[in-house]
$ cat upload.cif   # mmCIF, C-alpha atoms and all ligand atoms
data_target
loop_
_atom_site.group_PDB
_atom_site.id
_atom_site.type_symbol
_atom_site.label_atom_id
_atom_site.label_comp_id
_atom_site.auth_asym_id
_atom_site.auth_seq_id
_atom_site.Cartn_x
_atom_site.Cartn_y
_atom_site.Cartn_z
ATOM 1 C CA MET F 262 30.877 -61.984 75.908
ATOM 2 C CA ASP F 263 34.316 -63.536 75.688
ATOM 3 C CA THR F 264 37.305 -61.210 75.584
ATOM 4 C CA PHE F 265 39.701 -63.935 74.488
ATOM 5 C CA SER F 266 39.552 -66.993 72.292
ATOM 6 C CA GLY F 267 38.429 -70.401 73.541
ATOM 7 C CA HIS F 268 41.924 -71.784 74.089
ATOM 8 C CA ILE F 269 43.133 -68.810 76.074
ATOM 9 C CA ASN F 270 39.940 -68.817 78.134
ATOM 10 C CA LYS F 271 40.351 -72.495 78.887
ATOM 11 C CA LEU F 272 43.965 -71.997 79.943
ATOM 12 C CA ILE F 273 43.059 -69.066 82.195
ATOM 13 C CA GLU F 274 40.253 -71.105 83.712
ATOM 14 C CA GLU F 275 42.562 -74.057 84.504
ATOM 15 C CA LEU F 276 45.289 -71.838 85.932
ATOM 16 C CA SER F 277 42.932 -69.865 88.150
ATOM 17 C CA ALA F 278 41.704 -73.144 89.648
ATOM 18 C CA LEU F 279 45.196 -73.583 91.175
ATOM 19 C CA PRO F 280 45.631 -72.579 94.823
ATOM 20 C CA GLY F 281 46.800 -69.015 95.323
ATOM 21 C CA ILE F 282 46.258 -68.015 91.686
ATOM 22 C CA GLY F 283 43.657 -65.294 91.203
ATOM 23 C CA SER F 284 42.153 -64.398 87.850
ATOM 24 C CA LYS F 285 44.711 -61.621 87.217
ATOM 25 C CA SER F 286 47.669 -63.931 87.872
ATOM 26 C CA ALA F 287 46.028 -66.626 85.756
ATOM 27 C CA GLN F 288 45.775 -64.193 82.853
ATOM 28 C CA ARG F 289 49.386 -63.116 83.265
ATOM 29 C CA LEU F 290 50.578 -66.747 83.348
ATOM 30 C CA ALA F 291 48.434 -67.699 80.368
ATOM 31 C CA PHE F 292 49.755 -64.857 78.212
ATOM 32 C CA HIS F 293 53.297 -65.675 79.291
ATOM 33 C CA LEU F 294 52.875 -69.352 78.399
ATOM 34 C CA VAL F 295 51.441 -68.783 74.929
ATOM 35 C CA ASN F 296 54.333 -66.435 74.156
ATOM 36 C CA GLN F 297 56.990 -69.005 75.118
ATOM 37 C CA PRO F 298 58.819 -71.209 72.591
ATOM 38 C CA GLU F 299 56.822 -74.398 72.164
ATOM 39 C CA GLU F 300 59.576 -76.628 73.584
ATOM 40 C CA ASN F 301 59.608 -74.700 76.883
ATOM 41 C CA VAL F 302 55.893 -75.229 77.325
ATOM 42 C CA GLU F 303 56.244 -78.880 76.389
ATOM 43 C CA ARG F 304 58.982 -79.306 78.990
ATOM 44 C CA LEU F 305 56.829 -77.706 81.685
ATOM 45 C CA ALA F 306 53.808 -79.813 80.760
ATOM 46 C CA ASN F 307 55.966 -82.956 80.916
ATOM 47 C CA VAL F 308 57.495 -82.097 84.286
ATOM 48 C CA ILE F 309 54.000 -81.627 85.716
ATOM 49 C CA LEU F 310 52.777 -84.883 84.232
ATOM 50 C CA GLN F 311 55.823 -86.879 85.368
ATOM 51 C CA ALA F 312 55.559 -85.481 88.888
ATOM 52 C CA ARG F 313 51.877 -86.402 89.029
ATOM 53 C CA ARG F 314 52.564 -89.928 87.757
ATOM 54 C CA ASN F 315 55.599 -90.746 89.871
ATOM 55 C CA VAL F 316 55.108 -89.040 93.194
ATOM 56 C CA LYS F 317 53.516 -91.140 95.907
ATOM 57 C CA TYR F 318 53.234 -91.255 99.687
ATOM 58 C CA CYS F 319 56.170 -92.580 101.722
ATOM 59 C CA ARG F 320 55.025 -95.863 103.230
ATOM 60 C CA GLN F 321 56.250 -94.833 106.674
ATOM 61 C CA CYS F 322 55.632 -91.089 107.128
ATOM 62 C CA HIS F 323 53.243 -90.459 104.193
ATOM 63 C CA THR F 324 55.087 -87.441 102.863
ATOM 64 C CA LEU F 325 55.295 -87.055 99.083
ATOM 65 C CA THR F 326 58.231 -88.887 97.535
ATOM 66 C CA ASP F 327 59.421 -90.781 94.431
ATOM 67 C CA SER F 328 60.404 -93.914 96.316
ATOM 68 C CA GLU F 329 58.859 -96.398 98.766
ATOM 69 C CA LEU F 330 60.613 -94.700 101.665
ATOM 70 C CA CYS F 331 61.314 -90.972 101.561
ATOM 71 C CA PRO F 332 64.914 -89.665 101.959
ATOM 72 C CA ILE F 333 64.208 -88.688 105.585
ATOM 73 C CA CYS F 334 62.818 -92.077 106.673
ATOM 74 C CA SER F 335 65.606 -93.947 104.897
ATOM 75 C CA ASN F 336 68.381 -91.773 106.370
ATOM 76 C CA PRO F 337 70.167 -93.839 109.074
ATOM 77 C CA ALA F 338 71.342 -90.631 110.763
ATOM 78 C CA ARG F 339 67.752 -89.639 111.613
ATOM 79 C CA ASP F 340 66.372 -90.591 115.011
ATOM 80 C CA GLN F 341 63.537 -93.006 114.212
ATOM 81 C CA ARG F 342 62.329 -92.925 117.825
ATOM 82 C CA THR F 343 61.226 -89.291 117.682
ATOM 83 C CA ILE F 344 58.234 -88.610 115.465
ATOM 84 C CA MET F 345 56.978 -85.127 114.655
ATOM 85 C CA VAL F 346 53.351 -85.052 113.567
ATOM 86 C CA VAL F 347 52.549 -82.340 110.992
ATOM 87 C CA GLU F 348 49.437 -81.523 108.995
ATOM 88 C CA ASN F 349 50.961 -81.535 105.537
ATOM 89 C CA THR F 350 54.103 -81.879 103.453
ATOM 90 C CA ARG F 351 54.567 -78.096 103.373
ATOM 91 C CA ASP F 352 54.868 -78.036 107.168
ATOM 92 C CA LEU F 353 57.417 -80.849 107.005
ATOM 93 C CA ALA F 354 59.401 -78.798 104.489
ATOM 94 C CA ALA F 355 59.290 -75.777 106.814
ATOM 95 C CA TYR F 356 60.811 -77.794 109.684
ATOM 96 C CA GLU F 357 63.370 -79.400 107.392
ATOM 97 C CA LYS F 358 64.489 -75.943 106.309
ATOM 98 C CA THR F 359 65.608 -75.181 109.868
ATOM 99 C CA GLY F 360 68.117 -78.023 109.509
ATOM 100 C CA LYS F 361 67.956 -78.570 113.263
ATOM 101 C CA TYR F 362 65.426 -81.371 113.623
ATOM 102 C CA GLY F 363 66.981 -84.836 113.641
ATOM 103 C CA GLY F 364 63.928 -87.024 114.105
ATOM 104 C CA VAL F 365 61.416 -88.310 111.568
ATOM 105 C CA TYR F 366 57.912 -87.110 110.672
ATOM 106 C CA HIS F 367 54.359 -88.251 110.265
ATOM 107 C CA VAL F 368 52.228 -86.334 107.775
ATOM 108 C CA LEU F 369 48.509 -86.381 108.587
ATOM 109 C CA HIS F 370 47.342 -84.803 105.319
ATOM 110 C CA GLY F 371 44.809 -82.626 107.057
ATOM 111 C CA ALA F 372 43.387 -81.824 110.464
ATOM 112 C CA ILE F 373 40.224 -82.805 112.276
ATOM 113 C CA SER F 374 37.467 -80.293 111.562
ATOM 114 C CA PRO F 375 33.929 -81.071 112.691
ATOM 115 C CA MET F 376 32.770 -77.961 110.833
ATOM 116 C CA LEU F 377 34.120 -79.230 107.499
ATOM 117 C CA GLY F 378 33.084 -82.781 108.297
ATOM 118 C CA ILE F 379 36.704 -84.014 108.504
ATOM 119 C CA GLY F 380 36.961 -86.712 111.157
ATOM 120 C CA PRO F 381 39.851 -88.782 112.587
ATOM 121 C CA ASN F 382 39.373 -91.390 109.852
ATOM 122 C CA ASP F 383 39.882 -88.826 107.105
ATOM 123 C CA ILE F 384 43.503 -88.128 108.074
ATOM 124 C CA LYS F 385 46.490 -90.490 108.484
ATOM 125 C CA LEU F 386 45.837 -91.158 112.177
ATOM 126 C CA LYS F 387 45.429 -94.930 112.087
ATOM 127 C CA GLU F 388 48.768 -95.049 110.299
ATOM 128 C CA LEU F 389 50.336 -92.993 113.097
ATOM 129 C CA MET F 390 48.935 -95.261 115.792
ATOM 130 C CA SER F 391 50.296 -98.355 114.080
ATOM 131 C CA ARG F 392 53.728 -96.714 113.832
ATOM 132 C CA LEU F 393 53.633 -96.122 117.572
ATOM 133 C CA GLN F 394 53.506 -99.879 118.174
ATOM 134 C CA GLY F 395 57.199 -99.877 117.285
ATOM 135 C CA GLU F 396 60.052 -98.379 119.280
ATOM 136 C CA VAL F 397 59.123 -94.727 119.834
ATOM 137 C CA ASP F 398 60.342 -92.421 122.607
ATOM 138 C CA GLU F 399 58.492 -89.222 121.807
ATOM 139 C CA THR F 400 55.710 -87.919 119.593
ATOM 140 C CA ILE F 401 55.914 -84.185 118.965
ATOM 141 C CA ILE F 402 52.584 -82.757 117.847
ATOM 142 C CA ALA F 403 53.299 -79.870 115.492
ATOM 143 C CA THR F 404 49.875 -79.256 114.003
ATOM 144 C CA ASN F 405 48.968 -75.605 113.331
ATOM 145 C CA SER F 406 47.658 -73.415 116.134
ATOM 146 C CA SER F 407 44.317 -73.010 114.349
ATOM 147 C CA LEU F 408 41.137 -74.416 115.902
ATOM 148 C CA GLU F 409 41.480 -77.536 113.706
ATOM 149 C CA GLY F 410 45.156 -77.935 114.583
ATOM 150 C CA GLU F 411 44.440 -77.684 118.313
ATOM 151 C CA THR F 412 41.489 -80.076 118.088
ATOM 152 C CA THR F 413 43.701 -82.569 116.274
ATOM 153 C CA ALA F 414 46.515 -82.164 118.823
ATOM 154 C CA MET F 415 44.129 -82.819 121.690
ATOM 155 C CA TYR F 416 42.606 -85.826 119.988
ATOM 156 C CA ILE F 417 46.013 -87.363 119.232
ATOM 157 C CA SER F 418 47.376 -86.784 122.711
ATOM 158 C CA LYS F 419 44.351 -88.547 124.226
ATOM 159 C CA LEU F 420 44.979 -91.524 121.936
ATOM 160 C CA ILE F 421 48.684 -91.738 122.690
ATOM 161 C CA LYS F 422 48.666 -91.078 126.453
ATOM 162 C CA PRO F 423 47.560 -94.622 127.417
ATOM 163 C CA THR F 424 50.478 -96.106 125.444
ATOM 164 C CA GLY F 425 52.969 -94.452 127.817
ATOM 165 C CA ILE F 426 54.847 -92.799 124.942
ATOM 166 C CA LYS F 427 55.867 -89.214 125.715
ATOM 167 C CA VAL F 428 53.613 -86.718 123.896
ATOM 168 C CA THR F 429 54.690 -83.118 123.478
ATOM 169 C CA ARG F 430 53.152 -80.085 121.759
ATOM 170 C CA ILE F 431 55.233 -77.375 120.099
ATOM 171 C CA ALA F 432 55.146 -74.131 122.081
ATOM 172 C CA SER F 433 52.546 -71.571 121.228
ATOM 173 C CA GLY F 434 53.842 -68.250 120.069
ATOM 174 C CA VAL F 435 53.250 -69.541 116.606
ATOM 175 C CA PRO F 436 50.521 -67.037 115.596
ATOM 176 C CA VAL F 437 46.974 -68.352 115.888
ATOM 177 C CA GLY F 438 45.680 -69.599 112.567
ATOM 178 C CA GLY F 439 49.171 -69.192 111.175
ATOM 179 C CA ASP F 440 50.253 -71.672 108.590
ATOM 180 C CA LEU F 441 53.538 -73.220 109.765
ATOM 181 C CA GLU F 442 54.769 -72.783 106.222
ATOM 182 C CA TYR F 443 54.878 -68.995 106.523
ATOM 183 C CA ILE F 444 56.592 -68.807 109.876
ATOM 184 C CA ASP F 445 60.288 -67.995 109.927
ATOM 185 C CA GLU F 446 62.842 -70.594 110.943
ATOM 186 C CA VAL F 447 63.821 -68.937 114.221
ATOM 187 C CA THR F 448 60.196 -68.962 115.399
ATOM 188 C CA LEU F 449 59.809 -72.595 114.350
ATOM 189 C CA LEU F 450 62.936 -73.611 116.239
ATOM 190 C CA ARG F 451 61.800 -71.713 119.309
ATOM 191 C CA ALA F 452 58.423 -73.464 119.129
ATOM 192 C CA LEU F 453 60.161 -76.833 118.834
ATOM 193 C CA GLU F 454 62.640 -76.233 121.649
ATOM 194 C CA GLY F 455 59.929 -74.848 123.925
ATOM 195 C CA ARG F 456 57.636 -77.835 123.441
ATOM 196 C CA VAL F 457 55.703 -78.937 126.495
ATOM 197 C CA GLU F 458 54.608 -82.368 127.596
ATOM 198 C CA LEU F 459 50.872 -82.990 127.294
HETATM 199 ZN ZN ZN Q 501 59.033 -90.990 105.018
#
$ encode --input "upload.cif" --output "structure tokens"
Amino acid sequence: MDTFSGHINKLIEELSALPGIGSKSAQRLAFHLVNQPEENVERLANVILQARRNVKYCRQCHTLTDSELCPICSNPARDQRTIMVVENTRDLAAYEKTGKYGGVYHVLHGAISPMLGIGPNDIKLKELMSRLQGEVDETIIATNSSLEGETTAMYISKLIKPTGIKVTRIASGVPVGGDLEYIDEVTLLRALEGRVEL
């Protein structure tokens, strides 16, 4: 038995498919949206559509951006010889928020997880290795401290070691299983400054 009409149900269903939105939040958002002036909803729908159509991966670091090269990669003030490897764009944003990291990034878009069937070829690892053929002084591995993050860190360090490029891992103290995104800036900076060579 449906409590609401087809359109409302459909909207609630779509919204609750979004990450972090439970059925209660989906209902609240749906009711809010249908009560808004039509032009507001149209604007929101357009912003979503335009973002989806225009955002792509940076050709160097693979973060999400509007242009070929993201603002970080194309900034001449950034140290191109220090690459921080992160799992996703949210982690990159967390480090950027500290304002204290002057190098560039490499976004893997995932982590190795044998349990979920995610292997080295399913993340942007080949792309990282080809970047390391250029002039690079240090690769900082800043994957999460979850089992997948640690597995990925170990795998990457084994790949890089033979190249002679310095490989470091951010200090633990970042809570196990903790998403980098939710860790405060002071903790992130401490983890970065306390990084150890692998
Ligand atoms: Zn980039």
$ closest_atom_pairs --input "upload.cif" --of "chain F" --to "ligand ZN 501 (chain Q)" --cutoff "7 Å" --atoms "only C-alpha atoms and all ligand atoms" --output "JSON lines"
{"residue": "F:Cys319", "atom": "CA", "partner": "Q:ZN501", "partner_atom": "ZN", "distance": 4.6}
{"residue": "F:Arg320", "atom": "CA", "partner": "Q:ZN501", "partner_atom": "ZN", "distance": 6.6}
{"residue": "F:Gln321", "atom": "CA", "partner": "Q:ZN501", "partner_atom": "ZN", "distance": 5.0}
{"residue": "F:Cys322", "atom": "CA", "partner": "Q:ZN501", "partner_atom": "ZN", "distance": 4.0}
{"residue": "F:His323", "atom": "CA", "partner": "Q:ZN501", "partner_atom": "ZN", "distance": 5.9}
{"residue": "F:Thr324", "atom": "CA", "partner": "Q:ZN501", "partner_atom": "ZN", "distance": 5.7}
{"residue": "F:Leu330", "atom": "CA", "partner": "Q:ZN501", "partner_atom": "ZN", "distance": 5.2}
{"residue": "F:Cys331", "atom": "CA", "partner": "Q:ZN501", "partner_atom": "ZN", "distance": 4.1}
{"residue": "F:Pro332", "atom": "CA", "partner": "Q:ZN501", "partner_atom": "ZN", "distance": 6.8}
{"residue": "F:Ile333", "atom": "CA", "partner": "Q:ZN501", "partner_atom": "ZN", "distance": 5.7}
{"residue": "F:Cys334", "atom": "CA", "partner": "Q:ZN501", "partner_atom": "ZN", "distance": 4.3}
{"residue": "F:Tyr366", "atom": "CA", "partner": "Q:ZN501", "partner_atom": "ZN", "distance": 6.9}
$ resolve_selection --input "upload.cif" --expression "the PyMOL selection byres (((chain F and resi 412-415) around 8) and not hetatm)" --output "PyMOL selection string"
chain F and resi 372-374+402-404+408-411+416-419+430
$ write_last_selection --input "upload.cif" --atoms "C-alpha atoms" --output "PDB file, in the frame of the given file"
ATOM      1  CA  ALA F 372      43.387 -81.824 110.464  1.00  0.00           C
ATOM      2  CA  ILE F 373      40.224 -82.805 112.276  1.00  0.00           C
ATOM      3  CA  SER F 374      37.467 -80.293 111.562  1.00  0.00           C
ATOM      4  CA  ILE F 402      52.584 -82.757 117.847  1.00  0.00           C
ATOM      5  CA  ALA F 403      53.299 -79.870 115.492  1.00  0.00           C
ATOM      6  CA  THR F 404      49.875 -79.256 114.003  1.00  0.00           C
ATOM      7  CA  LEU F 408      41.137 -74.416 115.902  1.00  0.00           C
ATOM      8  CA  GLU F 409      41.480 -77.536 113.706  1.00  0.00           C
ATOM      9  CA  GLY F 410      45.156 -77.935 114.583  1.00  0.00           C
ATOM     10  CA  GLU F 411      44.440 -77.684 118.313  1.00  0.00           C
ATOM     11  CA  TYR F 416      42.606 -85.826 119.988  1.00  0.00           C
ATOM     12  CA  ILE F 417      46.013 -87.363 119.232  1.00  0.00           C
ATOM     13  CA  SER F 418      47.376 -86.784 122.711  1.00  0.00           C
ATOM     14  CA  LYS F 419      44.351 -88.547 124.226  1.00  0.00           C
ATOM     15  CA  ARG F 430      53.152 -80.085 121.759  1.00  0.00           C
TER      16      ARG F 430
END
$ atom_distance --input "upload.cif" --atom1 "atom CA of F:Asp445" --atom2 "atom CA of F:Ser407"
17.3 Å
$ closest_residue --input "upload.cif" --among "F:Arg342, F:Arg314, F:Lys427, F:Arg289" --to "F:Arg392" --atoms "only C-alpha atoms"
F:Arg342
$ resolve_selection --input "upload.cif" --expression "the PyMOL selection byres (((chain F and resi 347) around 7) and not hetatm)" --output "list in words"
Met345, Val346, Glu348, Asn349, Asp352, Leu353, His367, Val368, Leu369, Ile402, Ala403 and Thr404 of chain F
$ decode --input "upload.cif" --residues "stretch 329-341 of chain F" --atoms "all heavy atoms" --output "short mmCIF file (atom, residue, chain, number, x, y, z; two decimals), in the first residue's frame"
data_model
loop_
_atom_site.label_atom_id
_atom_site.label_comp_id
_atom_site.auth_asym_id
_atom_site.auth_seq_id
_atom_site.Cartn_x
_atom_site.Cartn_y
_atom_site.Cartn_z
N GLU F 329 41.22 20.18 -18.38
CA GLU F 329 42.16 19.10 -18.65
C GLU F 329 43.05 18.83 -17.43
O GLU F 329 43.24 17.70 -17.02
CB GLU F 329 43.04 19.48 -19.84
CG GLU F 329 42.41 19.23 -21.19
CD GLU F 329 42.26 17.75 -21.46
OE1 GLU F 329 43.30 17.08 -21.60
OE2 GLU F 329 41.13 17.27 -21.51
N LEU F 330 43.61 19.93 -16.92
CA LEU F 330 44.45 19.86 -15.73
C LEU F 330 43.73 20.58 -14.60
O LEU F 330 43.21 21.68 -14.79
CB LEU F 330 45.78 20.57 -15.98
CG LEU F 330 46.97 19.77 -16.53
CD1 LEU F 330 48.20 20.67 -16.57
CD2 LEU F 330 47.26 18.51 -15.73
N CYS F 331 43.71 19.97 -13.41
CA CYS F 331 43.01 20.59 -12.30
C CYS F 331 43.79 21.82 -11.81
O CYS F 331 44.97 21.98 -12.14
CB CYS F 331 42.82 19.58 -11.17
SG CYS F 331 44.35 19.23 -10.27
N PRO F 332 43.16 22.69 -10.99
CA PRO F 332 43.85 23.89 -10.50
C PRO F 332 45.12 23.57 -9.71
O PRO F 332 46.06 24.37 -9.71
CB PRO F 332 42.81 24.54 -9.59
CG PRO F 332 41.50 23.99 -10.02
CD PRO F 332 41.76 22.62 -10.56
N ILE F 333 45.17 22.42 -9.05
CA ILE F 333 46.36 22.09 -8.26
C ILE F 333 47.52 21.70 -9.18
O ILE F 333 48.63 22.21 -9.06
CB ILE F 333 46.05 20.93 -7.27
CG1 ILE F 333 44.96 21.37 -6.29
CG2 ILE F 333 47.32 20.50 -6.53
CD1 ILE F 333 44.38 20.25 -5.44
N CYS F 334 47.25 20.83 -10.15
CA CYS F 334 48.31 20.40 -11.07
C CYS F 334 48.82 21.56 -11.93
O CYS F 334 49.98 21.58 -12.31
CB CYS F 334 47.80 19.28 -11.98
SG CYS F 334 47.61 17.72 -11.12
N SER F 335 47.93 22.51 -12.24
CA SER F 335 48.37 23.59 -13.13
C SER F 335 48.91 24.79 -12.37
O SER F 335 49.28 25.78 -12.96
CB SER F 335 47.21 24.02 -14.04
OG SER F 335 46.07 24.32 -13.28
N ASN F 336 48.99 24.69 -11.04
CA ASN F 336 49.53 25.78 -10.22
C ASN F 336 51.05 25.68 -10.17
O ASN F 336 51.60 24.74 -9.60
CB ASN F 336 48.93 25.68 -8.82
CG ASN F 336 49.40 26.78 -7.90
OD1 ASN F 336 50.32 27.54 -8.24
ND2 ASN F 336 48.79 26.88 -6.73
N PRO F 337 51.78 26.68 -10.74
CA PRO F 337 53.24 26.60 -10.80
C PRO F 337 53.88 26.67 -9.41
O PRO F 337 55.04 26.30 -9.25
CB PRO F 337 53.63 27.83 -11.64
CG PRO F 337 52.46 28.73 -11.63
CD PRO F 337 51.24 27.89 -11.39
N ALA F 338 53.12 27.12 -8.41
CA ALA F 338 53.69 27.21 -7.06
C ALA F 338 53.71 25.85 -6.37
O ALA F 338 54.36 25.67 -5.34
CB ALA F 338 52.89 28.21 -6.23
N ARG F 339 53.00 24.87 -6.93
CA ARG F 339 52.97 23.55 -6.27
C ARG F 339 54.20 22.74 -6.68
O ARG F 339 54.65 22.80 -7.82
CB ARG F 339 51.70 22.76 -6.68
CG ARG F 339 50.39 23.46 -6.39
CD ARG F 339 50.11 23.66 -4.93
NE ARG F 339 49.83 22.45 -4.19
CZ ARG F 339 48.69 22.22 -3.53
NH1 ARG F 339 47.72 23.11 -3.55
NH2 ARG F 339 48.52 21.12 -2.83
N ASP F 340 54.72 21.99 -5.72
CA ASP F 340 55.89 21.16 -5.95
C ASP F 340 55.48 19.88 -6.69
O ASP F 340 54.90 18.97 -6.10
CB ASP F 340 56.52 20.84 -4.59
CG ASP F 340 57.61 19.79 -4.69
OD1 ASP F 340 58.10 19.54 -5.81
OD2 ASP F 340 57.95 19.22 -3.63
N GLN F 341 55.81 19.83 -7.97
CA GLN F 341 55.40 18.70 -8.82
C GLN F 341 56.20 17.44 -8.53
O GLN F 341 55.91 16.37 -9.06
CB GLN F 341 55.55 19.06 -10.30
CG GLN F 341 54.73 20.26 -10.76
CD GLN F 341 53.26 19.93 -10.99
OE1 GLN F 341 52.87 18.79 -11.19
NE2 GLN F 341 52.42 20.96 -10.94
#
